[in-house]
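K.L.:
Okay, so here is final_6.cif, and as you'll see once you scroll down, it has mmCIF, N, CA and C atoms.
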data_query
#
loop_
_atom_site.label_atom_id
_atom_site.label_comp_id
_atom_site.auth_asym_id
_atom_site.auth_seq_id
_atom_site.Cartn_x
_atom_site.Cartn_y
_atom_site.Cartn_z
N MET G 80 23.70 8.49 -0.69
CA MET G 80 22.91 7.60 -1.52
C MET G 80 23.52 6.21 -1.51
N GLN G 81 22.72 5.23 -1.25
CA GLN G 81 23.17 3.87 -1.30
C GLN G 81 22.34 3.12 -2.32
N GLY G 82 23.02 2.42 -3.19
CA GLY G 82 22.32 1.61 -4.17
C GLY G 82 21.41 2.43 -5.07
N GLY G 83 21.72 3.71 -5.28
CA GLY G 83 20.92 4.56 -6.15
C GLY G 83 19.67 5.11 -5.51
N GLN G 84 19.41 4.75 -4.24
CA GLN G 84 18.23 5.25 -3.56
C GLN G 84 18.64 6.18 -2.44
N ARG G 85 17.93 7.29 -2.33
CA ARG G 85 18.22 8.26 -1.29
C ARG G 85 17.54 7.82 0.00
N LYS G 86 18.31 7.84 1.08
CA LYS G 86 17.75 7.49 2.38
C LYS G 86 16.92 8.67 2.87
N PRO G 87 15.65 8.47 3.25
CA PRO G 87 14.82 9.58 3.69
C PRO G 87 15.32 10.13 5.02
N ASP G 88 15.25 11.45 5.18
CA ASP G 88 15.62 12.04 6.47
C ASP G 88 14.38 12.13 7.34
N SER G 89 14.55 12.55 8.57
CA SER G 89 13.44 12.53 9.51
C SER G 89 12.39 13.59 9.22
N LEU G 90 12.68 14.54 8.33
CA LEU G 90 11.68 15.54 7.98
C LEU G 90 10.84 15.12 6.78
N SER G 91 11.14 13.95 6.22
CA SER G 91 10.35 13.46 5.10
C SER G 91 9.04 12.90 5.63
N PHE G 92 8.09 12.74 4.73
CA PHE G 92 6.84 12.14 5.16
C PHE G 92 6.25 11.31 4.04
N ASP G 93 5.49 10.35 4.47
CA ASP G 93 4.79 9.45 3.58
C ASP G 93 3.39 10.03 3.38
N VAL G 94 2.95 10.16 2.14
CA VAL G 94 1.64 10.75 1.90
C VAL G 94 0.52 9.95 2.56
N ALA G 95 0.76 8.68 2.81
CA ALA G 95 -0.25 7.86 3.48
C ALA G 95 -0.26 8.08 4.98
N GLU G 96 0.77 8.74 5.49
CA GLU G 96 0.88 9.00 6.93
C GLU G 96 -0.10 10.12 7.32
N SER G 97 -0.89 9.89 8.36
CA SER G 97 -1.84 10.91 8.79
C SER G 97 -1.09 12.08 9.42
N THR G 98 -1.75 13.22 9.48
CA THR G 98 -1.15 14.41 10.09
C THR G 98 -0.77 14.12 11.53
N GLU G 99 -1.66 13.48 12.28
CA GLU G 99 -1.40 13.17 13.68
C GLU G 99 -0.18 12.27 13.83
N THR G 100 -0.08 11.25 12.98
CA THR G 100 1.05 10.33 13.03
C THR G 100 2.35 11.04 12.68
N ARG G 101 2.32 11.88 11.66
CA ARG G 101 3.52 12.63 11.24
C ARG G 101 3.98 13.56 12.36
N ILE G 102 3.05 14.27 12.99
CA ILE G 102 3.41 15.18 14.08
C ILE G 102 4.00 14.40 15.24
N GLN G 103 3.38 13.30 15.63
CA GLN G 103 3.91 12.48 16.72
C GLN G 103 5.30 11.95 16.40
N ARG G 104 5.52 11.53 15.15
CA ARG G 104 6.83 11.03 14.75
C ARG G 104 7.88 12.12 14.83
N LEU G 105 7.56 13.31 14.34
CA LEU G 105 8.49 14.43 14.40
C LEU G 105 8.83 14.79 15.84
N ILE G 106 7.83 14.78 16.71
CA ILE G 106 8.05 15.09 18.12
C ILE G 106 9.01 14.07 18.73
N SER G 107 8.83 12.80 18.39
CA SER G 107 9.68 11.76 18.98
C SER G 107 11.09 11.75 18.40
N GLU G 108 11.27 12.26 17.19
CA GLU G 108 12.58 12.22 16.53
C GLU G 108 13.46 13.43 16.82
N HIS G 109 12.90 14.51 17.34
CA HIS G 109 13.66 15.74 17.55
C HIS G 109 13.60 16.16 19.01
N PRO G 110 14.76 16.38 19.65
CA PRO G 110 14.75 16.73 21.07
C PRO G 110 14.06 18.06 21.35
N VAL G 111 14.17 19.01 20.42
CA VAL G 111 13.50 20.31 20.57
C VAL G 111 12.88 20.65 19.23
N ILE G 112 11.56 20.80 19.23
CA ILE G 112 10.84 21.09 17.99
C ILE G 112 9.75 22.11 18.27
N ILE G 113 9.62 23.06 17.35
CA ILE G 113 8.59 24.09 17.45
C ILE G 113 7.66 23.91 16.26
N PHE G 114 6.36 23.90 16.54
CA PHE G 114 5.35 23.90 15.49
C PHE G 114 4.76 25.29 15.45
N SER G 115 4.63 25.81 14.23
CA SER G 115 4.22 27.20 14.08
C SER G 115 3.45 27.39 12.80
N ARG G 116 2.86 28.58 12.68
CA ARG G 116 2.32 29.02 11.39
C ARG G 116 3.44 29.70 10.63
N SER G 117 3.27 29.89 9.37
CA SER G 117 4.25 30.60 8.55
C SER G 117 4.39 32.05 9.03
N SER G 118 5.62 32.52 9.10
CA SER G 118 5.94 33.91 9.47
C SER G 118 5.42 34.31 10.84
N CYS G 119 5.49 33.42 11.80
CA CYS G 119 5.02 33.71 13.15
C CYS G 119 6.11 34.44 13.94
N CYS G 120 5.82 35.64 14.40
CA CYS G 120 6.83 36.42 15.13
C CYS G 120 7.13 35.80 16.49
N MET G 121 6.14 35.17 17.13
CA MET G 121 6.39 34.54 18.43
C MET G 121 7.31 33.33 18.27
N CYS G 122 7.20 32.62 17.17
CA CYS G 122 8.11 31.51 16.88
C CYS G 122 9.53 32.03 16.75
N HIS G 123 9.68 33.16 16.09
CA HIS G 123 10.99 33.78 15.94
C HIS G 123 11.60 34.11 17.30
N VAL G 124 10.80 34.63 18.21
CA VAL G 124 11.27 34.95 19.56
C VAL G 124 11.67 33.67 20.30
N MET G 125 10.88 32.60 20.14
CA MET G 125 11.21 31.32 20.77
C MET G 125 12.55 30.80 20.24
N LYS G 126 12.75 30.87 18.93
CA LYS G 126 14.01 30.42 18.34
C LYS G 126 15.18 31.25 18.87
N LYS G 127 15.00 32.55 18.98
CA LYS G 127 16.07 33.43 19.48
C LYS G 127 16.41 33.10 20.93
N LEU G 128 15.40 32.87 21.76
CA LEU G 128 15.64 32.51 23.16
C LEU G 128 16.43 31.21 23.24
N LEU G 129 16.02 30.21 22.51
CA LEU G 129 16.70 28.92 22.54
C LEU G 129 18.11 29.04 21.96
N ALA G 130 18.28 29.81 20.88
CA ALA G 130 19.60 29.99 20.28
C ALA G 130 20.54 30.72 21.23
N SER G 131 20.01 31.62 22.05
CA SER G 131 20.86 32.36 22.99
C SER G 131 21.47 31.45 24.05
N ILE G 132 20.88 30.28 24.25
CA ILE G 132 21.47 29.33 25.20
C ILE G 132 22.09 28.12 24.49
N GLY G 133 22.22 28.22 23.17
CA GLY G 133 22.95 27.20 22.42
C GLY G 133 22.13 26.08 21.82
N VAL G 134 20.82 26.27 21.71
CA VAL G 134 19.95 25.23 21.14
C VAL G 134 19.32 25.75 19.85
N HIS G 135 19.37 24.93 18.83
CA HIS G 135 18.78 25.31 17.54
C HIS G 135 17.68 24.30 17.22
N PRO G 136 16.44 24.68 17.53
CA PRO G 136 15.33 23.74 17.38
C PRO G 136 14.95 23.49 15.93
N THR G 137 14.31 22.37 15.71
CA THR G 137 13.67 22.10 14.43
C THR G 137 12.37 22.89 14.44
N VAL G 138 12.07 23.57 13.34
CA VAL G 138 10.83 24.35 13.24
C VAL G 138 10.01 23.80 12.09
N ILE G 139 8.76 23.47 12.37
CA ILE G 139 7.84 22.95 11.37
C ILE G 139 6.67 23.92 11.25
N GLU G 140 6.45 24.39 10.05
CA GLU G 140 5.31 25.27 9.80
C GLU G 140 4.12 24.42 9.40
N LEU G 141 3.00 24.63 10.08
CA LEU G 141 1.79 23.86 9.83
C LEU G 141 0.75 24.71 9.10
N ASP G 142 -0.04 24.05 8.30
CA ASP G 142 -1.20 24.69 7.69
C ASP G 142 -2.31 24.75 8.73
N ASP G 143 -3.29 25.62 8.51
CA ASP G 143 -4.38 25.77 9.48
C ASP G 143 -5.09 24.45 9.78
N HIS G 144 -5.28 23.61 8.77
CA HIS G 144 -5.99 22.35 9.00
C HIS G 144 -5.14 21.33 9.77
N GLU G 145 -3.82 21.54 9.85
CA GLU G 145 -2.94 20.62 10.57
C GLU G 145 -2.79 21.00 12.05
N ILE G 146 -3.05 22.24 12.39
CA ILE G 146 -2.83 22.73 13.75
C ILE G 146 -3.68 21.98 14.77
N ALA G 147 -4.89 21.62 14.40
CA ALA G 147 -5.76 20.90 15.33
C ALA G 147 -5.19 19.55 15.74
N ALA G 148 -4.24 19.01 14.97
CA ALA G 148 -3.65 17.70 15.27
C ALA G 148 -2.55 17.79 16.33
N LEU G 149 -2.17 19.00 16.72
CA LEU G 149 -1.12 19.13 17.74
C LEU G 149 -1.61 18.61 19.08
N PRO G 150 -0.82 17.77 19.75
CA PRO G 150 -1.23 17.24 21.05
C PRO G 150 -0.85 18.18 22.19
N CYS G 151 -1.18 19.46 22.04
CA CYS G 151 -0.78 20.45 23.02
C CYS G 151 -1.85 21.53 23.10
N PRO G 152 -2.43 21.76 24.29
CA PRO G 152 -3.44 22.80 24.40
C PRO G 152 -2.83 24.19 24.37
N PRO G 153 -3.61 25.21 24.03
CA PRO G 153 -3.12 26.58 24.11
C PRO G 153 -2.68 26.91 25.53
N ASP G 154 -1.73 27.83 25.67
CA ASP G 154 -1.27 28.23 27.00
C ASP G 154 -2.45 28.56 27.91
N GLY G 155 -2.42 27.98 29.10
CA GLY G 155 -3.43 28.30 30.09
C GLY G 155 -4.73 27.54 29.96
N GLU G 156 -4.80 26.55 29.06
CA GLU G 156 -6.02 25.77 28.89
C GLU G 156 -5.74 24.31 29.15
N ASP G 157 -6.80 23.58 29.50
CA ASP G 157 -6.65 22.17 29.83
C ASP G 157 -6.79 21.25 28.63
N SER G 158 -7.50 21.67 27.59
CA SER G 158 -7.70 20.78 26.45
C SER G 158 -7.48 21.53 25.14
N PRO G 159 -7.08 20.77 24.12
CA PRO G 159 -6.82 21.42 22.83
C PRO G 159 -8.07 22.05 22.24
N SER G 160 -7.89 23.14 21.53
CA SER G 160 -8.99 23.80 20.85
C SER G 160 -8.64 23.95 19.38
N PRO G 161 -9.47 23.45 18.49
CA PRO G 161 -9.15 23.55 17.08
C PRO G 161 -9.38 24.93 16.49
N SER G 162 -9.91 25.86 17.26
CA SER G 162 -10.18 27.20 16.76
C SER G 162 -8.89 27.90 16.37
N PRO G 163 -8.76 28.36 15.11
CA PRO G 163 -7.54 29.04 14.68
C PRO G 163 -7.23 30.28 15.53
N LYS G 164 -8.27 30.96 16.02
CA LYS G 164 -8.07 32.15 16.84
C LYS G 164 -7.40 31.81 18.17
N ASN G 165 -7.69 30.63 18.68
CA ASN G 165 -7.19 30.21 19.98
C ASN G 165 -6.28 28.99 19.83
N SER G 166 -5.50 28.96 18.77
CA SER G 166 -4.70 27.79 18.45
C SER G 166 -3.48 27.65 19.35
N PRO G 167 -2.97 26.41 19.47
CA PRO G 167 -1.83 26.17 20.33
C PRO G 167 -0.48 26.43 19.66
N VAL G 168 -0.41 27.28 18.64
CA VAL G 168 0.86 27.56 17.99
C VAL G 168 1.27 29.01 18.21
N PRO G 169 2.55 29.26 18.33
CA PRO G 169 3.61 28.26 18.27
C PRO G 169 3.62 27.40 19.52
N ALA G 170 4.02 26.17 19.36
CA ALA G 170 4.13 25.24 20.47
C ALA G 170 5.49 24.57 20.42
N VAL G 171 6.18 24.54 21.55
CA VAL G 171 7.50 23.91 21.62
C VAL G 171 7.39 22.61 22.40
N PHE G 172 8.07 21.60 21.90
CA PHE G 172 8.15 20.29 22.56
C PHE G 172 9.62 20.05 22.89
N ILE G 173 9.88 19.66 24.12
CA ILE G 173 11.24 19.34 24.56
C ILE G 173 11.21 17.90 25.07
N GLY G 174 12.00 17.05 24.44
CA GLY G 174 12.04 15.65 24.83
C GLY G 174 10.70 14.96 24.72
N GLY G 175 9.90 15.36 23.74
CA GLY G 175 8.60 14.74 23.52
C GLY G 175 7.48 15.30 24.36
N THR G 176 7.78 16.24 25.24
CA THR G 176 6.77 16.83 26.11
C THR G 176 6.41 18.23 25.64
N CYS G 177 5.13 18.49 25.57
CA CYS G 177 4.68 19.81 25.17
C CYS G 177 4.94 20.80 26.30
N ILE G 178 5.75 21.80 26.01
CA ILE G 178 6.02 22.86 26.97
C ILE G 178 4.94 23.92 26.87
N GLY G 179 4.48 24.17 25.66
CA GLY G 179 3.45 25.17 25.41
C GLY G 179 3.96 26.24 24.48
N GLY G 180 3.43 27.43 24.63
CA GLY G 180 3.80 28.54 23.78
C GLY G 180 4.93 29.37 24.36
N LEU G 181 5.05 30.58 23.84
CA LEU G 181 6.12 31.47 24.25
C LEU G 181 6.07 31.77 25.75
N GLU G 182 4.89 32.04 26.26
CA GLU G 182 4.75 32.35 27.69
C GLU G 182 5.26 31.21 28.57
N SER G 183 4.92 29.99 28.22
CA SER G 183 5.37 28.82 28.99
C SER G 183 6.87 28.62 28.88
N LEU G 184 7.42 28.84 27.68
CA LEU G 184 8.86 28.69 27.47
C LEU G 184 9.64 29.71 28.30
N VAL G 185 9.18 30.96 28.28
CA VAL G 185 9.85 32.01 29.06
C VAL G 185 9.73 31.72 30.56
N ALA G 186 8.57 31.26 31.00
CA ALA G 186 8.39 30.92 32.42
C ALA G 186 9.33 29.80 32.84
N LEU G 187 9.49 28.80 31.98
CA LEU G 187 10.41 27.70 32.28
C LEU G 187 11.84 28.22 32.37
N HIS G 188 12.20 29.13 31.49
CA HIS G 188 13.54 29.72 31.51
C HIS G 188 13.77 30.56 32.76
N LEU G 189 12.81 31.41 33.09
CA LEU G 189 12.96 32.29 34.27
C LEU G 189 12.98 31.50 35.58
N SER G 190 12.35 30.35 35.59
CA SER G 190 12.34 29.52 36.80
C SER G 190 13.64 28.73 36.96
N GLY G 191 14.50 28.78 35.93
CA GLY G 191 15.76 28.05 35.99
C GLY G 191 15.68 26.60 35.59
N HIS G 192 14.55 26.18 35.03
CA HIS G 192 14.36 24.78 34.67
C HIS G 192 14.58 24.48 33.18
N LEU G 193 14.70 25.50 32.35
CA LEU G 193 14.85 25.27 30.92
C LEU G 193 16.18 24.62 30.57
N VAL G 194 17.27 25.18 31.04
CA VAL G 194 18.60 24.65 30.68
C VAL G 194 18.77 23.20 31.15
N PRO G 195 18.42 22.88 32.40
CA PRO G 195 18.54 21.47 32.81
C PRO G 195 17.68 20.53 31.96
N ARG G 196 16.49 21.00 31.60
CA ARG G 196 15.60 20.16 30.79
C ARG G 196 16.20 19.92 29.40
N LEU G 197 16.76 20.98 28.82
CA LEU G 197 17.41 20.84 27.51
C LEU G 197 18.61 19.90 27.60
N ALA G 198 19.35 19.98 28.69
CA ALA G 198 20.50 19.10 28.88
C ALA G 198 20.04 17.65 29.04
N GLU G 199 18.96 17.43 29.74
CA GLU G 199 18.43 16.07 29.94
C GLU G 199 18.11 15.38 28.61
N VAL G 200 17.63 16.14 27.64
CA VAL G 200 17.25 15.53 26.36
C VAL G 200 18.39 15.56 25.35
N GLY G 201 19.56 16.04 25.78
CA GLY G 201 20.73 16.04 24.91
C GLY G 201 20.78 17.18 23.91
N ALA G 202 20.03 18.24 24.16
CA ALA G 202 20.01 19.37 23.23
C ALA G 202 21.14 20.37 23.49
N LEU G 203 21.81 20.24 24.62
CA LEU G 203 22.92 21.14 24.96
C LEU G 203 24.21 20.35 25.03
N ASP G 204 25.15 20.67 24.17
CA ASP G 204 26.45 20.02 24.21
C ASP G 204 27.31 20.64 25.30
N GLY G 205 28.07 19.82 25.97
CA GLY G 205 29.01 20.31 26.97
C GLY G 205 28.38 20.74 28.27
N TYR G 206 27.12 20.40 28.48
CA TYR G 206 26.45 20.77 29.71
C TYR G 206 26.19 19.49 30.48
N GLU G 207 26.68 19.44 31.70
CA GLU G 207 26.54 18.24 32.51
C GLU G 207 25.61 18.52 33.68
N ILE G 208 24.67 17.63 33.88
CA ILE G 208 23.76 17.77 35.01
C ILE G 208 24.39 17.09 36.22
N ILE G 209 24.51 17.84 37.30
CA ILE G 209 25.07 17.30 38.54
C ILE G 209 23.94 17.29 39.57
N TYR G 210 23.65 16.12 40.07
CA TYR G 210 22.60 15.98 41.07
C TYR G 210 23.24 15.93 42.45
N SER G 211 22.69 16.69 43.37
CA SER G 211 23.20 16.63 44.74
C SER G 211 22.17 15.94 45.63
N ASN G 212 22.64 15.28 46.62
CA ASN G 212 21.72 14.55 47.52
C ASN G 212 21.28 15.40 48.63
#
Once you've parsed the file, please lay out its structure as structure tokens.
P.N.:
Amino acid sequence: MQGGQRKPDSLSFDVAESTETRIQRLISEHPVIIFSRSSCCMCHVMKKLLASIGVHPTVIELDDHEIAALPCPPDGEDSPSPSPKNSPVPAVFIGGTCIGGLESLVALHLSGHLVPRLAEVGALDGYEIIYSN
């Protein structure tokens, strides 16, 4: 606290801030962030996968009316769908880029591209990327 006022943290929000603006701000402020519904078991699996390689993502639970504001289509689709049945959650963003849901995250990991990507955005301590020519 400085001068009697608490400095807001990055998870705070201004009531005048639109859902879209708040989501975009959170994506830009956190190297790894998962948007999910409350008590989502797939989100839990995503967190466990990331934790197993040393990354602890920020997790934001969205209400049904906020999910449509996510700038990420459901896995396997080209455009976002506001339908709750076919919603894009859980959705993980790494370095501001939408990776997608659990299936996309696992595919990125199995292809060997997840760890380097996490290192690029500074989410892995002590991991150095070495480029060969």
K.L.:
Pull out every residue that the PyMOL selection byres ((chain G and resi 106-112) around 6) matches in the shown coordinates and put them as a list in words.
P.N.:
Arg101, Ile102, Gln103, Arg104, Leu105, Ile113, Phe114, Pro136, Thr137, Val138, Ala170, Val171, Phe172, Ile173, Gly174, Gly175 and Val200 of chain G
K.L.:
Atom CA of Ala148 of chain G and atom CA of Met125 of chain G, how far apart in Å?
P.N.:
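Spanning atom CA of Met125 of chain G to atom CA of Ala148 of chain G is a straight-line distance of 20.9 Å.
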K.L.:
Taking the file above as input, evaluate the PyMOL selection byres ((chain G and resi 140) around 5) and report the hits as a list in words.
P.N.:
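In the shown coordinates, the PyMOL selection byres ((chain G and resi 140) around 5) covers Ser115, Arg116, Val138, Ile139, Leu141 and Asp142 of chain G.
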K.L.:
Could you jot down the atom C of Val185 of chain G to atom CA of Val134 of chain G separation for me, Å, one decimal place?
P.N.:
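Spanning atom C of Val185 of chain G to atom CA of Val134 of chain G is a straight-line distance of 15.3 Å.
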K.L.:
Which residues match the PyMOL selection byres (((chain G and resi 180 and name CA) around 8) and name CA) in the file above, as a list in words?
P.N.:
Pro153, Asp154, Pro167, Val168, Pro169, Ala170, Val171, Ile178, Gly179, Leu181, Glu182, Ser183 and Leu184 of chain G
K.L.:
Would you compute the distance between atom CA of Glu199 of chain G and atom CA of Pro150 of chain G? Give it in Å to one decimal.
P.N.:
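Pair atom CA of Glu199 of chain G / atom CA of Pro150 of chain G returns 21.6 Å.
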K.L.:
Could you give me the residues within segment 97-161 of chain G that DSSP places in strand (DSSP E), as a count of residues only?
P.N.:
9
K.L.:
Which one is closest to Ala202 of chain G: G:Ser190, G:Lys126, G:Cys177, G:His135? Count all atoms listed in the file.
P.N.:
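When distances to Ala202 of chain G are compared using all atoms listed in the file, the smallest one comes from G:His135.
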K.L.:
Which one of G:Ala130, G:Leu189, G:Cys151, G:Cys122 sits closest to Thr176 of chain G if you count only N, CA and C atoms?
P.N.:
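Of all the options, G:Cys151 lies closest to Thr176 of chain G.
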K.L.:
Given only C-alpha atoms as the basis, pick out the residue of G:Asp143, G:Ile132, G:Thr100, G:His123 nearest to Ala198 of chain G.
P.N.:
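For Ala198 of chain G, the nearest of the candidates is G:Ile132.
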K.L.:
Using the incomplete input, complete segment 118-129 of chain G to the level of all heavy atoms; output as a CSV table (one decimal), in the coordinates of the input.
P.N.:
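Contents of rebuild_18.csv, as written:
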chain,number,residue,atom,x,y,z
G,118,SER,N,5.6,32.5,9.1
G,118,SER,CA,5.9,33.9,9.5
G,118,SER,C,5.4,34.3,10.8
G,118,SER,O,5.0,35.4,11.0
G,118,SER,CB,5.4,34.9,8.4
G,118,SER,OG,5.9,34.6,7.2
G,119,CYS,N,5.5,33.4,11.8
G,119,CYS,CA,5.0,33.7,13.2
G,119,CYS,C,6.1,34.4,13.9
G,119,CYS,O,7.2,33.9,14.1
G,119,CYS,CB,4.6,32.4,13.9
G,119,CYS,SG,4.2,32.6,15.6
G,120,CYS,N,5.8,35.6,14.4
G,120,CYS,CA,6.8,36.4,15.1
G,120,CYS,C,7.1,35.8,16.5
G,120,CYS,O,8.3,35.9,17.0
G,120,CYS,CB,6.4,37.9,15.3
G,120,CYS,SG,4.9,38.1,16.2
G,121,MET,N,6.1,35.2,17.1
G,121,MET,CA,6.4,34.5,18.4
G,121,MET,C,7.3,33.3,18.3
G,121,MET,O,8.1,33.1,19.1
G,121,MET,CB,5.1,34.2,19.1
G,121,MET,CG,4.3,35.4,19.6
G,121,MET,SD,2.9,35.0,20.6
G,121,MET,CE,1.9,34.0,19.5
G,122,CYS,N,7.2,32.6,17.2
G,122,CYS,CA,8.1,31.5,16.9
G,122,CYS,C,9.5,32.0,16.8
G,122,CYS,O,10.5,31.4,17.2
G,122,CYS,CB,7.7,30.8,15.6
G,122,CYS,SG,8.8,29.5,15.1
G,123,HIS,N,9.7,33.2,16.1
G,123,HIS,CA,11.0,33.8,15.9
G,123,HIS,C,11.6,34.1,17.3
G,123,HIS,O,12.8,33.8,17.6
G,123,HIS,CB,10.9,35.1,15.1
G,123,HIS,CG,12.2,35.8,14.9
G,123,HIS,ND1,13.1,35.3,14.0
G,123,HIS,CD2,12.6,36.9,15.5
G,123,HIS,CE1,14.2,36.2,14.1
G,123,HIS,NE2,13.9,37.1,15.0
G,124,VAL,N,10.8,34.6,18.2
G,124,VAL,CA,11.3,35.0,19.6
G,124,VAL,C,11.7,33.7,20.3
G,124,VAL,O,12.7,33.6,21.0
G,124,VAL,CB,10.2,35.7,20.4
G,124,VAL,CG1,10.6,35.9,21.8
G,124,VAL,CG2,9.9,37.1,19.7
G,125,MET,N,10.9,32.6,20.1
G,125,MET,CA,11.2,31.3,20.8
G,125,MET,C,12.6,30.8,20.2
G,125,MET,O,13.4,30.3,21.0
G,125,MET,CB,10.1,30.3,20.5
G,125,MET,CG,8.8,30.6,21.2
G,125,MET,SD,7.5,29.5,20.6
G,125,MET,CE,7.6,28.2,21.8
G,126,LYS,N,12.8,30.9,18.9
G,126,LYS,CA,14.0,30.4,18.3
G,126,LYS,C,15.2,31.2,18.9
G,126,LYS,O,16.2,30.7,19.2
G,126,LYS,CB,14.0,30.5,16.8
G,126,LYS,CG,13.1,29.5,16.2
G,126,LYS,CD,13.2,29.4,14.7
G,126,LYS,CE,13.2,30.8,14.0
G,126,LYS,NZ,13.2,30.7,12.5
G,127,LYS,N,15.0,32.6,19.0
G,127,LYS,CA,16.1,33.4,19.5
G,127,LYS,C,16.4,33.1,20.9
G,127,LYS,O,17.6,33.1,21.3
G,127,LYS,CB,15.7,34.9,19.4
G,127,LYS,CG,15.7,35.4,18.0
G,127,LYS,CD,17.1,35.5,17.5
G,127,LYS,CE,17.2,36.2,16.2
G,127,LYS,NZ,18.5,36.3,15.6
G,128,LEU,N,15.4,32.9,21.8
G,128,LEU,CA,15.6,32.5,23.2
G,128,LEU,C,16.4,31.2,23.2
G,128,LEU,O,17.4,31.1,24.0
G,128,LEU,CB,14.3,32.4,23.9
G,128,LEU,CG,14.4,31.8,25.3
G,128,LEU,CD1,15.3,32.6,26.3
G,128,LEU,CD2,13.1,31.6,25.9
G,129,LEU,N,16.0,30.2,22.5
G,129,LEU,CA,16.7,28.9,22.5
G,129,LEU,C,18.1,29.0,22.0
G,129,LEU,O,19.1,28.5,22.5
G,129,LEU,CB,15.9,27.9,21.8
G,129,LEU,CG,14.6,27.5,22.5
G,129,LEU,CD1,13.7,26.7,21.6
G,129,LEU,CD2,14.9,26.6,23.8
